[in-house]
Structures are given as structure tokens and as C-alpha cells.
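As provided, work_31.cif (mmCIF, C-alpha atoms and all ligand atoms; chains and numbers go by the auth columns) reads as follows.
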```
data_structure
#
loop_
_atom_site.group_PDB
_atom_site.id
_atom_site.type_symbol
_atom_site.label_atom_id
_atom_site.label_comp_id
_atom_site.label_asym_id
_atom_site.label_seq_id
_atom_site.Cartn_x
_atom_site.Cartn_y
_atom_site.Cartn_z
_atom_site.B_iso_or_equiv
_atom_site.auth_seq_id
_atom_site.auth_asym_id
ATOM 1 C CA MET A 1 0.000 0.000 0.000 0.00 156 A
ATOM 2 C CA GLU A 2 1.337 3.374 -0.964 0.00 157 A
ATOM 3 C CA LYS A 3 1.263 5.824 1.856 0.00 158 A
ATOM 4 C CA LYS A 4 -0.477 9.088 1.130 0.00 159 A
ATOM 5 C CA LYS A 5 1.960 11.969 1.077 0.00 160 A
ATOM 6 C CA SER A 6 1.650 14.064 4.170 0.00 161 A
ATOM 7 C CA LEU A 7 1.597 17.840 4.189 0.00 162 A
ATOM 8 C CA LEU A 8 4.972 17.578 5.854 0.00 163 A
ATOM 9 C CA ASP A 9 6.450 15.539 2.981 0.00 164 A
ATOM 10 C CA ILE A 10 5.041 17.935 0.405 0.00 165 A
ATOM 11 C CA LEU A 11 6.469 21.009 2.107 0.00 166 A
ATOM 12 C CA ARG A 12 9.821 19.325 2.608 0.00 167 A
ATOM 13 C CA GLN A 13 9.952 18.460 -1.066 0.00 168 A
ATOM 14 C CA LYS A 14 9.291 22.078 -1.864 0.00 169 A
ATOM 15 C CA GLY A 15 12.327 22.916 0.197 0.00 170 A
ATOM 16 C CA TYR A 16 10.707 24.395 3.264 0.00 171 A
ATOM 17 C CA ARG A 17 12.501 24.273 6.508 0.00 172 A
ATOM 18 C CA LEU A 18 10.040 23.368 9.177 0.00 173 A
ATOM 19 C CA THR A 19 10.370 24.293 12.804 0.00 174 A
ATOM 20 C CA PRO A 20 9.048 21.831 15.407 0.00 175 A
ATOM 21 C CA GLN A 21 6.164 24.236 16.037 0.00 176 A
ATOM 22 C CA ARG A 22 5.161 24.222 12.388 0.00 177 A
ATOM 23 C CA MET A 23 5.411 20.465 12.236 0.00 178 A
ATOM 24 C CA MET A 24 3.014 20.232 15.148 0.00 179 A
ATOM 25 C CA VAL A 25 0.516 22.439 13.361 0.00 180 A
ATOM 26 C CA LEU A 26 0.739 20.167 10.318 0.00 181 A
ATOM 27 C CA GLU A 27 0.287 17.079 12.440 0.00 182 A
ATOM 28 C CA ALA A 28 -2.771 18.528 14.137 0.00 183 A
ATOM 29 C CA ILE A 29 -4.397 19.235 10.771 0.00 184 A
ATOM 30 C CA GLU A 30 -3.604 15.785 9.454 0.00 185 A
ATOM 31 C CA ALA A 31 -4.767 14.063 12.607 0.00 186 A
ATOM 32 C CA SER A 32 -8.260 15.532 12.503 0.00 187 A
ATOM 33 C CA ASP A 33 -10.746 13.559 10.410 0.00 188 A
ATOM 34 C CA ASP A 34 -12.960 16.546 10.253 0.00 189 A
ATOM 35 C CA HIS A 35 -12.461 20.246 9.889 0.00 190 A
ATOM 36 C CA ILE A 36 -10.353 21.977 12.412 0.00 191 A
ATOM 37 C CA SER A 37 -10.205 25.562 13.581 0.00 192 A
ATOM 38 C CA ALA A 38 -7.042 27.514 14.335 0.00 193 A
ATOM 39 C CA GLU A 39 -7.983 27.399 18.020 0.00 194 A
ATOM 40 C CA GLU A 40 -8.317 23.610 17.916 0.00 195 A
ATOM 41 C CA ILE A 41 -4.990 23.294 16.128 0.00 196 A
ATOM 42 C CA HIS A 42 -3.455 25.512 18.762 0.00 197 A
ATOM 43 C CA ALA A 43 -4.935 23.480 21.620 0.00 198 A
ATOM 44 C CA SER A 44 -3.818 20.196 20.109 0.00 199 A
ATOM 45 C CA ALA A 45 -0.284 21.402 19.392 0.00 200 A
ATOM 46 C CA ARG A 46 0.013 22.995 22.810 0.00 201 A
ATOM 47 C CA ALA A 47 -0.688 19.687 24.500 0.00 202 A
ATOM 48 C CA ARG A 48 2.708 18.560 23.242 0.00 203 A
ATOM 49 C CA TYR A 49 4.506 21.839 22.921 0.00 204 A
ATOM 50 C CA PRO A 50 3.304 24.238 25.624 0.00 205 A
ATOM 51 C CA TYR A 51 5.091 27.287 24.261 0.00 206 A
ATOM 52 C CA ILE A 52 3.511 27.318 20.840 0.00 207 A
ATOM 53 C CA ASN A 53 1.928 30.631 20.016 0.00 208 A
ATOM 54 C CA ILE A 54 -1.360 31.002 18.142 0.00 209 A
ATOM 55 C CA SER A 55 0.330 33.383 15.714 0.00 210 A
ATOM 56 C CA THR A 56 2.578 30.484 14.671 0.00 211 A
ATOM 57 C CA VAL A 57 -0.598 28.544 13.922 0.00 212 A
ATOM 58 C CA TYR A 58 -1.920 31.384 11.777 0.00 213 A
ATOM 59 C CA ARG A 59 1.381 31.844 9.984 0.00 214 A
ATOM 60 C CA THR A 60 1.595 28.151 9.199 0.00 215 A
ATOM 61 C CA LEU A 61 -1.999 28.150 7.962 0.00 216 A
ATOM 62 C CA ASP A 62 -1.187 31.119 5.725 0.00 217 A
ATOM 63 C CA LEU A 63 1.731 29.235 4.248 0.00 218 A
ATOM 64 C CA LEU A 64 -0.398 26.143 3.650 0.00 219 A
ATOM 65 C CA LYS A 65 -3.145 28.220 2.040 0.00 220 A
ATOM 66 C CA GLU A 66 -0.633 29.979 -0.163 0.00 221 A
ATOM 67 C CA LYS A 67 0.701 26.613 -1.315 0.00 222 A
ATOM 68 C CA GLY A 68 -2.821 25.353 -1.913 0.00 223 A
ATOM 69 C CA LEU A 69 -2.478 22.600 0.666 0.00 224 A
ATOM 70 C CA VAL A 70 -5.359 23.465 2.938 0.00 225 A
ATOM 71 C CA THR A 71 -8.885 24.672 2.312 0.00 226 A
ATOM 72 C CA GLU A 72 -10.194 27.546 4.343 0.00 227 A
ATOM 73 C CA THR A 73 -13.917 27.907 4.823 0.00 228 A
ATOM 74 C CA ASP A 74 -15.387 31.133 6.104 0.00 229 A
ATOM 75 C CA LEU A 75 -18.255 30.276 8.394 0.00 230 A
ATOM 76 C CA GLY A 76 -19.085 33.862 9.204 0.00 231 A
ATOM 77 C CA GLY A 77 -18.647 35.666 12.494 0.00 232 A
ATOM 78 C CA GLY A 78 -14.893 35.340 12.262 0.00 233 A
ATOM 79 C CA ARG A 79 -15.005 31.548 12.316 0.00 234 A
ATOM 80 C CA TYR A 80 -12.821 29.660 9.871 0.00 235 A
ATOM 81 C CA LEU A 81 -12.351 25.967 9.416 0.00 236 A
ATOM 82 C CA TYR A 82 -9.499 24.172 7.713 0.00 237 A
ATOM 83 C CA HIS A 83 -8.781 20.803 6.230 0.00 238 A
ATOM 84 C CA PRO A 84 -6.225 19.341 3.831 0.00 239 A
ATOM 85 C CA VAL A 85 -7.220 19.826 0.184 0.00 240 A
ATOM 86 C CA GLY A 86 -7.092 16.098 -0.523 0.00 241 A
ATOM 87 C CA LYS A 87 -10.267 15.532 1.430 0.00 242 A
ATOM 88 C CA ALA A 88 -13.389 14.434 -0.385 0.00 243 A
ATOM 89 C CA GLN A 89 -15.411 17.110 -2.108 0.00 244 A
ATOM 90 C CA HIS A 90 -18.168 18.477 0.054 0.00 245 A
ATOM 91 C CA HIS A 91 -19.847 21.694 1.085 0.00 246 A
ATOM 92 C CA HIS A 92 -21.311 23.034 4.275 0.00 247 A
ATOM 93 C CA LEU A 93 -24.628 24.160 5.642 0.00 248 A
ATOM 94 C CA VAL A 94 -24.108 26.720 8.359 0.00 249 A
ATOM 95 C CA CYS A 95 -26.920 27.660 10.729 0.00 250 A
ATOM 96 C CA GLY A 96 -26.849 31.348 11.543 0.00 251 A
ATOM 97 C CA LYS A 97 -28.744 30.804 14.793 0.00 252 A
ATOM 98 C CA CYS A 98 -27.051 27.923 16.580 0.00 253 A
ATOM 99 C CA GLY A 99 -23.856 27.939 14.520 0.00 254 A
ATOM 100 C CA LYS A 100 -24.115 24.248 13.710 0.00 255 A
ATOM 101 C CA VAL A 101 -22.182 23.157 10.626 0.00 256 A
ATOM 102 C CA ARG A 102 -23.281 20.216 8.557 0.00 257 A
ATOM 103 C CA ASP A 103 -21.397 18.615 5.659 0.00 258 A
ATOM 104 C CA ILE A 104 -23.284 18.028 2.444 0.00 259 A
ATOM 105 C CA ASP A 105 -22.361 16.120 -0.660 0.00 260 A
ATOM 106 C CA ALA A 106 -20.738 17.968 -3.540 0.00 261 A
ATOM 107 C CA THR A 107 -23.347 16.602 -5.960 0.00 262 A
ATOM 108 C CA VAL A 108 -25.926 18.995 -4.516 0.00 263 A
ATOM 109 C CA PHE A 109 -24.531 21.765 -6.685 0.00 264 A
ATOM 110 C CA GLN A 110 -24.257 19.701 -9.842 0.00 265 A
ATOM 111 C CA GLN A 111 -27.608 20.863 -11.188 0.00 266 A
ATOM 112 C CA LEU A 112 -26.783 24.502 -10.539 0.00 267 A
ATOM 113 C CA ARG A 113 -23.413 23.972 -12.126 0.00 268 A
ATOM 114 C CA ASP A 114 -25.016 22.506 -15.264 0.00 269 A
ATOM 115 C CA GLU A 115 -27.501 25.342 -15.431 0.00 270 A
ATOM 116 C CA LEU A 116 -24.816 28.017 -15.162 0.00 271 A
ATOM 117 C CA LYS A 117 -22.925 26.248 -17.906 0.00 272 A
ATOM 118 C CA ASN A 118 -25.904 25.845 -20.240 0.00 273 A
ATOM 119 C CA LYS A 119 -27.566 29.187 -19.640 0.00 274 A
ATOM 120 C CA TYR A 120 -24.580 31.456 -19.205 0.00 275 A
ATOM 121 C CA GLY A 121 -21.727 29.437 -20.614 0.00 276 A
ATOM 122 C CA PHE A 122 -20.090 29.885 -17.263 0.00 277 A
ATOM 123 C CA ASN A 123 -17.886 27.184 -15.857 0.00 278 A
ATOM 124 C CA ALA A 124 -18.526 27.451 -12.118 0.00 279 A
ATOM 125 C CA GLU A 125 -16.038 26.050 -9.688 0.00 280 A
ATOM 126 C CA PHE A 126 -17.753 25.124 -6.516 0.00 281 A
ATOM 127 C CA GLU A 127 -15.169 24.431 -3.967 0.00 282 A
ATOM 128 C CA HIS A 128 -16.031 23.922 -0.420 0.00 283 A
ATOM 129 C CA ILE A 129 -18.918 26.330 -0.177 0.00 284 A
ATOM 130 C CA ALA A 130 -20.540 27.450 3.040 0.00 285 A
ATOM 131 C CA VAL A 131 -24.288 27.947 2.629 0.00 286 A
ATOM 132 C CA PHE A 132 -25.817 30.097 5.330 0.00 287 A
ATOM 133 C CA GLY A 133 -29.341 29.715 6.660 0.00 288 A
ATOM 134 C CA THR A 134 -31.366 28.214 9.469 0.00 289 A
ATOM 135 C CA CYS A 135 -31.229 24.564 10.462 0.00 290 A
ATOM 136 C CA LYS A 136 -34.193 22.270 11.037 0.00 291 A
ATOM 137 C CA ASN A 137 -33.913 22.558 14.812 0.00 292 A
ATOM 138 C CA CYS A 138 -33.808 26.324 14.868 0.00 293 A
ATOM 139 C CA GLU A 139 -36.630 26.621 12.356 0.00 294 A
ATOM 140 C CA GLY A 140 -38.752 24.988 15.047 0.00 295 A
HETATM 141 ZN ZN ZN B . -29.548 25.936 14.117 0.00 1 B
HETATM 142 ZN ZN ZN B . -15.296 21.254 4.523 0.00 2 B
#
```
Since I need it in another form, could you write the structure as C-alpha cells?
Amino acid sequence: MEKKKSLLDILRQKGYRLTPQRMMVLEAIEASDDHISAEEIHASARARYPYINISTVYRTLDLLKEKGLVTETDLGGGRYLYHPVGKAQHHHLVCGKCGKVRDIDATVFQQLRDELKNKYGFNAEFEHIAVFGTCKNCEG
């Protein structure tokens, strides 16, 4: 079985020198099956490296974004979630009342995509979209 290349391997191949702090940020992102926030990355890295600063987390995330290695999703209200780009295609439903985030399948936008293509000749790229609204629970 071929092992999937880690973010660490990819950055090393690109010639980046990684400090132990940065490596811990990478490991935290890779270790989460789901999306992870900068605060969660910070908490997880700090468990092993107490002196890690949240600005290191942000700087590392900026680098990863710049290299196209992580996806950033704006959930509104200053909340951002991250995950490695290799993850399966999906989008998010974000409830504006309770803040709950639900993953939805990428196929949901296929029809819209086709329509934009047919009607407007526009090739839409839906990548990791956050759709805002009200969830079933909050709708009452
Ligand atoms: Zn809700
Ligand atoms: Zn996502």
C-alpha cells in the first residue's frame, strides 16, 4: 500500500525548513478527520509543545493556504475551518442561529453547475462552499 503523502512531505519536497512548532501544526491538521479551527490546532499542538503561540498557527496556515495545501472555509462571524485539500469534495450548511455546521455532498450543486454552464456558458467552480441559513432545529 502506498502511503499518502503528508503535508509535511510535500512542504519538505518544496524545500521548506520546518520548525518543530510548524510540524506540530501540520500534524494537528492531518490528525483531525474533520475540519479543524485555528484554536483547535493551537490546543492540540500545545498539549505537546506548551510554548507554541497562536500566531505560529496562523502563519503556518497562511503558508499552507498559499501553497494550496489546505482549504479555508469562512463560516461567518470570524469563524474559519481548515482541512487538507485532498479531502473528499463536500460543502457546508451553516446555521446562523445555533452555529451548527453540517457537511453536504458535492453533488448537490451539480444541477446549478449545469444550469450556469448551459444558460450562461459559465464554468462554475464550486469548492467547499458554506451555505448560510437556518437549520431544522432552529426553524422549530
Ligand atoms: Zn440551528
Ligand atoms: Zn469542509
Separation of atom CA of Gln244 of chain A from atom CA of Phe281 of chain A, in Å and rounded to one decimal: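 Spanning atom CA of Gln244 of chain A to atom CA of Phe281 of chain A is a straight-line distance of 9.4 Å.
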ask   = Taking all atoms listed in the file into account, which residues are within 7 Å of ligand ZN 2 (chain B), as a list of chain:residue names?
value =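 Written in the requested form, the residues are A:His190, A:Thr228, A:His238, A:His245, A:His246, A:His247, A:Asp258, A:His283.
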Got time to write the residues from that selection, C-alpha atoms, as a short mmCIF file (atom, residue, chain, number, x, y, z; two decimals), in the frame of the given file?
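Resulting contents of again-v7.cif:
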```cif
data_model
loop_
_atom_site.label_atom_id
_atom_site.label_comp_id
_atom_site.auth_asym_id
_atom_site.auth_seq_id
_atom_site.Cartn_x
_atom_site.Cartn_y
_atom_site.Cartn_z
CA HIS A 190 -12.46 20.25 9.89
CA THR A 228 -13.92 27.91 4.82
CA HIS A 238 -8.78 20.80 6.23
CA HIS A 245 -18.17 18.48 0.05
CA HIS A 246 -19.85 21.69 1.08
CA HIS A 247 -21.31 23.03 4.28
CA ASP A 258 -21.40 18.61 5.66
CA HIS A 283 -16.03 23.92 -0.42
#
```
Mind running chain A against ligand ZN 1 (chain B) at 8 Å and telling me each contacting residue's nearest atom pair with the distance in Å (one decimal), counting only C-alpha atoms and all ligand atoms, chain and number ascending, as a tab-separated table?
```
residue	atom	partner	partner_atom	distance
A:Val249	CA	B:ZN1	ZN	8.0
A:Cys250	CA	B:ZN1	ZN	4.6
A:Gly251	CA	B:ZN1	ZN	6.6
A:Lys252	CA	B:ZN1	ZN	5.0
A:Cys253	CA	B:ZN1	ZN	4.0
A:Gly254	CA	B:ZN1	ZN	6.0
A:Lys255	CA	B:ZN1	ZN	5.7
A:Thr289	CA	B:ZN1	ZN	5.5
A:Cys290	CA	B:ZN1	ZN	4.3
A:Lys291	CA	B:ZN1	ZN	6.7
A:Asn292	CA	B:ZN1	ZN	5.6
A:Cys293	CA	B:ZN1	ZN	4.3
A:Glu294	CA	B:ZN1	ZN	7.3
```
Can you write just those residues out, C-alpha atoms, as a PDB file, keeping the file's coordinate frame?
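File produced: selection-v9.pdb:
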```pdb
ATOM      1  CA  VAL A 249     -24.108  26.720   8.359  1.00  0.00           C
ATOM      2  CA  CYS A 250     -26.920  27.660  10.729  1.00  0.00           C
ATOM      3  CA  GLY A 251     -26.849  31.348  11.543  1.00  0.00           C
ATOM      4  CA  LYS A 252     -28.744  30.804  14.793  1.00  0.00           C
ATOM      5  CA  CYS A 253     -27.051  27.923  16.580  1.00  0.00           C
ATOM      6  CA  GLY A 254     -23.856  27.939  14.520  1.00  0.00           C
ATOM      7  CA  LYS A 255     -24.115  24.248  13.710  1.00  0.00           C
ATOM      8  CA  THR A 289     -31.366  28.214   9.469  1.00  0.00           C
ATOM      9  CA  CYS A 290     -31.229  24.564  10.462  1.00  0.00           C
ATOM     10  CA  LYS A 291     -34.193  22.270  11.037  1.00  0.00           C
ATOM     11  CA  ASN A 292     -33.913  22.558  14.812  1.00  0.00           C
ATOM     12  CA  CYS A 293     -33.808  26.324  14.868  1.00  0.00           C
ATOM     13  CA  GLU A 294     -36.630  26.621  12.356  1.00  0.00           C
TER      14      GLU A 294
END
```
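Ranking A:Glu270, A:Glu282, A:Asp260, A:Asp189 by their shortest atom-to-atom distance to Pro239 of chain A, with all atoms listed in the file included, puts A:Asp189 first.
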Practice item. Please evaluate the PyMOL selection byres (((chain A and resi 268) around 9) and not hetatm) against the structure above and give the resulting residues as JSON, numbers by chain. Key: {"A": [264, 265, 266, 267, 269, 270, 271, 272, 273, 277, 278, 279, 280, 281]}
| said: Suppose a student applies the PyMOL selection byres (((chain A and resi 177) around 10) and not hetatm) to this structure; what residues should they get, written as a VMD selection string? | reply: chain A and resid 163 172 to 176 178 to 183 200 207 211 to 212 214 to 216
Distance query Ala198 of chain A at most 12 Å, only C-alpha atoms, self and fewer than 3 positions along chain excluded, as JSON, numbers by chain: {"A": [179, 180, 183, 184, 191, 192, 193, 194, 195, 201, 202, 203, 204, 205, 206, 207, 208, 209, 212]}
| message | Rounded to one decimal, what separation in Å do you get between atom CA of Val225 of chain A and atom CA of Gly276 of chain A? | response |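 It comes out at 29.3 Å.
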Atom CA of Gly223 of chain A to atom CA of Val240 of chain A measures 7.4 Å
Judged by all atoms listed in the file, the minimum distance to Ser187 of chain A among A:Lys160, A:Arg167, A:Glu221, A:Tyr237 is found for A:Tyr237
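In this comparison, which uses only C-alpha atoms, the residue of A:Leu218, A:Ile259, A:Ile284, A:Tyr213 approaching Ile196 of chain A most closely is A:Tyr213.
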- Task: On this file, the PyMOL selection byres (((chain A and resi 230) around 9) and not hetatm) gives some set of residues; write that set as number ranges by chain.
- Result: A: 228-229, 231-236, 247, 249, 254, 256, 285-287
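Residue nearest Leu162 of chain A within the list A:Thr262, A:Leu224, A:Ala186, A:Tyr275: A:Leu224 [criterion: smallest interatomic distance, only C-alpha atoms].
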With 8 Å on each side, where is the centre of the axis-aligned box around all listed atoms of segment 235-244 of chain A, and how long are its edges in Å to one decimal, as lines of an AutoDock Vina configuration file?
```
center_x = -10.8
center_y = 22.0
center_z = 3.9
size_x = 25.2
size_y = 31.2
size_z = 28.0
```
